[in-house]
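Novice: Below is the structure I would like to discuss, written out as structure tokens.
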Amino acid sequence: MTTKVSTPERKSLHFQPRTPATSTSDKVVGAVSHTALTIWTLIVILPLLWTFMSSFKTSSEIFASPFALPAEWKLDNYVKAWSEAGIGSAFLNSVLVVAVALVIVMVLGAMCAYVLARYTFPGSRAIYYLMLAGLTFPIFLAMVPLFFVLKNMGLLNTLPGLILVYVGFALPFTVFFLFSFFKSLPHEITEAAALDGAGEWRTFFQVMLPMAKPGLASVAIFNFLGLWNQFLIPVSINAAGPRVLSQELAAFAGQMGYAVDYGALFAAVSVTVIPVLIVYVIFQRQLQGSVSQGTSK
Amino acid sequence: MSSVKTQQSRNDDGLAAVVPATAPPQVIKRRRKPLTWDKVSFFAVFLGLPLAIYLLFVIWPFIQAFGYSLTDWSGFSPTQNFIGLENYSKIFTDDIFMKAMGNNILLVIFLPIITIILSLILASLVTVGGSSKGQIKGLRNSSFYRVVSFFPYTIPAIAIGIMWGQIYDPSGGLLNGILTGLGMDQFKDFAWLGDKNTAMIATMFVIVWGFVGFYMVLFVAGIKGIPAELFEAARIDGAGRFRTAVSITIPLIRDNIQTAYIYMGILALDAFVYMAALNSGGGPDNSTLVMAQQLFFTAFSKGQFGLASAMGVVLAVATLIFSGLVFVVNRLTGGDKDVSL
């Protein structure tokens, strides 16, 4: 029983397949299940479709009827949202900040997790628990002092400041998750690398890191979603800086009371939602796998 | 001294690169040396760099927050006087903050339980809703439901909030459009977020909508980790679907449920984004105001940083108490005992 089944495949595959005769109760249960799941699927998907459809309508069309299709499928609202409302530049800021922060946190997190998992030294447990503490405390508690830490460093309202804070707050999750991953890698391989004359640095970058790829991919996906969705950190410490997407979206919605352009608002939401949704649909297999990996530890 | 070591380790590296991998293991000895430059630099960078960032941007602000919470610091004034627990007594006599705390408690009670029950039901339907004969298998086409249900998790919370704000719109919104279309004319122009009786429920539904898919995927993964033999055995013993779900599935994915409960509870104690997007002013009669909104307002609009930090500490303590409670309840009701696989 030492082997661990890590694939999400059902164990039932070992059983001899029989041809089941479907009974009436099975049919009823199947129908009820499908109905319930279909209802939930509709609840999930209808708001999204409606938002997407409305993003092509003019404000007067939206108020005339929530269901009517737009008279013309024009991209006017998208042009307006992208350039006039600043969603375009905010989108690019978001991509830049999240990409840089993601690379840094993955490298630093992997290094830290590796050291904590593979070496015993005084204080290693303490550091590990310190990381755990960062996971449980609400970010809110840190916001006010963080504002002044960044102010003193001259990083308030700048993208580099935002990146550093993103790295700091994504670090505990990354370390916590990769810790168990590095722990599970066999020790023989490190020894073999040492026998072949690889130093600590080379062992990590050329042997251990490539082996940790599946774990790294899972953590990277969750970190990406977490950072891309981040709202509180940018509105607190980047309020007057170059806005990221979630900030710009909130600002855009906030001024809606004065200049009502609902079509452009729907377009702005669609621009935010669709790229990530497409990426998700392409990579959903890996993601489903990583959810199971991340929680079974 | 250290430069000598650098030289030496460089030489070793060079040697290792030249000598084929099958060379006699003369190099092992090097590993035993107490401190090489390779090792020192490795630890300095691998541990020092991440820790420095973490301590500076996460731990240090957390510690400072406790300190600030004991002062009367009002923003940019250079003076801050130590006033002990005065901020805390101010908080607990402030009606608006207590109202916000009450709303958070409502959220903590209802959000996790609704989300978890709904996602457990959907996960069970997907995994064991299939035929009761032959091998244990899930529903046909179940991956479609799983993929679609996960959609909301990939959408930024602020976008979810704005989108639902439009769906709840009294006149042009999708919800009232559907309801009046079904003949329920009393909902024509009904402001879901503007009525203090429905604002909180409507808001809760948005959060549930955003998270059910994620926990469904989590539970599906948990259920798939249960060996099929257990389901077979239960079936042979005559357990029906409901009995199997209650006696087999739920006890075996108990740890997943506990994790989900804690995550959802922490989210319910925050809930800032959703509230800010749906009713930025706290809703009718402050019916959707949460502590986090009050904290944000106190800090960044009113500039009362001492008071805001004290609110943060209250929020943190509430989070810890909640997590502790979940652990204790799970222990007391027999978790960790008979669920080891």
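Lettering and numbering for the structure tokens are positional, with chains as A, B, ... in the shown order, residues counted from 1 in each chain, and ligands counted from 1 in the shown order.
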Tell me, as a ChimeraX atom specification, which residues lie within 7 Å of Phe211 (chain B), counting only C-alpha atoms; anything in the same chain fewer than 4 positions away does not count.
Specialist: /B:153,207,215
Novice: One number please: CA of Trp40 (chain A) to CA of Pro227 (chain B), in Å, one decimal.
Specialist: 27.9 Å
Novice: Could you check which of A:Asn157, A:Ser94, A:Ser270, A:Ser184 is closest to chain B, using only C-alpha atoms?
Specialist: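 Smallest separation from chain B among the options: A:Ser270.
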Novice: Counting only C-alpha atoms, what is within 7 Å of Ala113 (chain A), bar same-chain residues fewer than 5 positions away, as number ranges by chain?
Specialist: A: 175, 178-179
Novice: Could you save those same residues with N, CA and C atoms as a PDB file, in the first residue's frame?
Specialist:
ATOM      1  N   VAL A 175       4.620  28.557  -0.978  1.00  0.00           N
ATOM      2  CA  VAL A 175       5.551  27.764  -0.177  1.00  0.00           C
ATOM      3  C   VAL A 175       4.835  26.577   0.454  1.00  0.00           C
ATOM      4  N   LEU A 178       4.076  23.928  -2.284  1.00  0.00           N
ATOM      5  CA  LEU A 178       5.248  23.280  -2.873  1.00  0.00           C
ATOM      6  C   LEU A 178       6.068  22.528  -1.830  1.00  0.00           C
ATOM      7  N   PHE A 179       5.922  22.925  -0.561  1.00  0.00           N
ATOM      8  CA  PHE A 179       6.634  22.246   0.516  1.00  0.00           C
ATOM      9  C   PHE A 179       6.350  20.750   0.484  1.00  0.00           C
TER      10      PHE A 179
END
Novice: May I have the residues within 12 Å of Asn176 (chain B) as a list of chain:residue names, using only C-alpha atoms and disregarding those fewer than 4 positions away in the same chain?
Specialist: A:Ser65, A:Pro66, A:Phe67, B:Gln166, B:Ile167, B:Tyr168, B:Asp169, B:Pro170, B:Ser171, B:Gly172, B:Thr180, B:Gly181, B:Leu182, B:Gly183, B:Met184, B:Asp185, B:Gln186, B:Phe187, B:Lys188, B:Asp189, B:Phe190, B:Ala191, B:Trp192
Novice: Given the selection you just returned, output its residues as a file containing C-alpha atoms, formatted as a PDB file, in the first residue's frame.
Specialist:
ATOM      1  CA  SER A  65     -35.964  44.988 -23.259  1.00  0.00           C
ATOM      2  CA  PRO A  66     -33.436  42.849 -21.389  1.00  0.00           C
ATOM      3  CA  PHE A  67     -33.908  39.967 -23.845  1.00  0.00           C
TER       4      PHE A  67
ATOM      5  CA  GLN B 166     -26.890  44.844 -13.674  1.00  0.00           C
ATOM      6  CA  ILE B 167     -28.830  41.581 -13.470  1.00  0.00           C
ATOM      7  CA  TYR B 168     -30.609  42.866 -10.347  1.00  0.00           C
ATOM      8  CA  ASP B 169     -31.265  46.222 -12.019  1.00  0.00           C
ATOM      9  CA  PRO B 170     -34.914  47.150 -11.304  1.00  0.00           C
ATOM     10  CA  SER B 171     -35.942  48.076 -14.837  1.00  0.00           C
ATOM     11  CA  GLY B 172     -33.455  46.725 -17.379  1.00  0.00           C
ATOM     12  CA  THR B 180     -42.228  39.485 -15.241  1.00  0.00           C
ATOM     13  CA  GLY B 181     -41.930  37.340 -18.337  1.00  0.00           C
ATOM     14  CA  LEU B 182     -43.189  34.417 -16.227  1.00  0.00           C
ATOM     15  CA  GLY B 183     -46.183  36.505 -15.245  1.00  0.00           C
ATOM     16  CA  MET B 184     -45.028  37.663 -11.807  1.00  0.00           C
ATOM     17  CA  ASP B 185     -45.845  41.308 -12.299  1.00  0.00           C
ATOM     18  CA  GLN B 186     -45.250  42.253  -8.688  1.00  0.00           C
ATOM     19  CA  PHE B 187     -41.508  42.144  -9.487  1.00  0.00           C
ATOM     20  CA  LYS B 188     -41.761  44.813 -12.168  1.00  0.00           C
ATOM     21  CA  ASP B 189     -39.223  47.501 -11.184  1.00  0.00           C
ATOM     22  CA  PHE B 190     -38.544  45.734  -7.899  1.00  0.00           C
ATOM     23  CA  ALA B 191     -35.155  46.851  -6.564  1.00  0.00           C
ATOM     24  CA  TRP B 192     -33.557  43.693  -5.196  1.00  0.00           C
TER      25      TRP B 192
END
Novice: Using DSSP assignments from the backbone, pull out every residue in region 107-210 of chain B that falls under alpha helix (DSSP H) and give it to me as a ChimeraX atom specification.
Specialist: /B:107-128,142-150,157-167,174-181,199-210
Novice: If you count only C-alpha atoms, which residues fall within 6 Å of Thr51 (chain A), apart from same-chain ones fewer than 3 positions away, as a VMD selection string?
Specialist: chain A and resid 48 54 266
Novice: How would the residues just chosen look if you wrote them out with C-alpha atoms as an mmCIF file, in the first residue's frame?
Specialist:
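In the end it all went to selection.cif:
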data_model
loop_
_atom_site.group_PDB
_atom_site.id
_atom_site.type_symbol
_atom_site.label_atom_id
_atom_site.label_comp_id
_atom_site.auth_asym_id
_atom_site.auth_seq_id
_atom_site.Cartn_x
_atom_site.Cartn_y
_atom_site.Cartn_z
ATOM 1 C CA LEU A 48 -22.673 35.369 -18.683
ATOM 2 C CA SER A 54 -25.819 43.247 -23.782
ATOM 3 C CA PHE A 266 -21.055 45.366 -20.233
#
Novice: Give me the residues within 8 Å of Ile226 (chain B) as a list in words, counting only C-alpha atoms and dropping any in the same chain fewer than 4 places off.
Specialist: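 Contacts, with the query itself left out: Gly222, Leu230, Thr249 and Leu252 of chain B.
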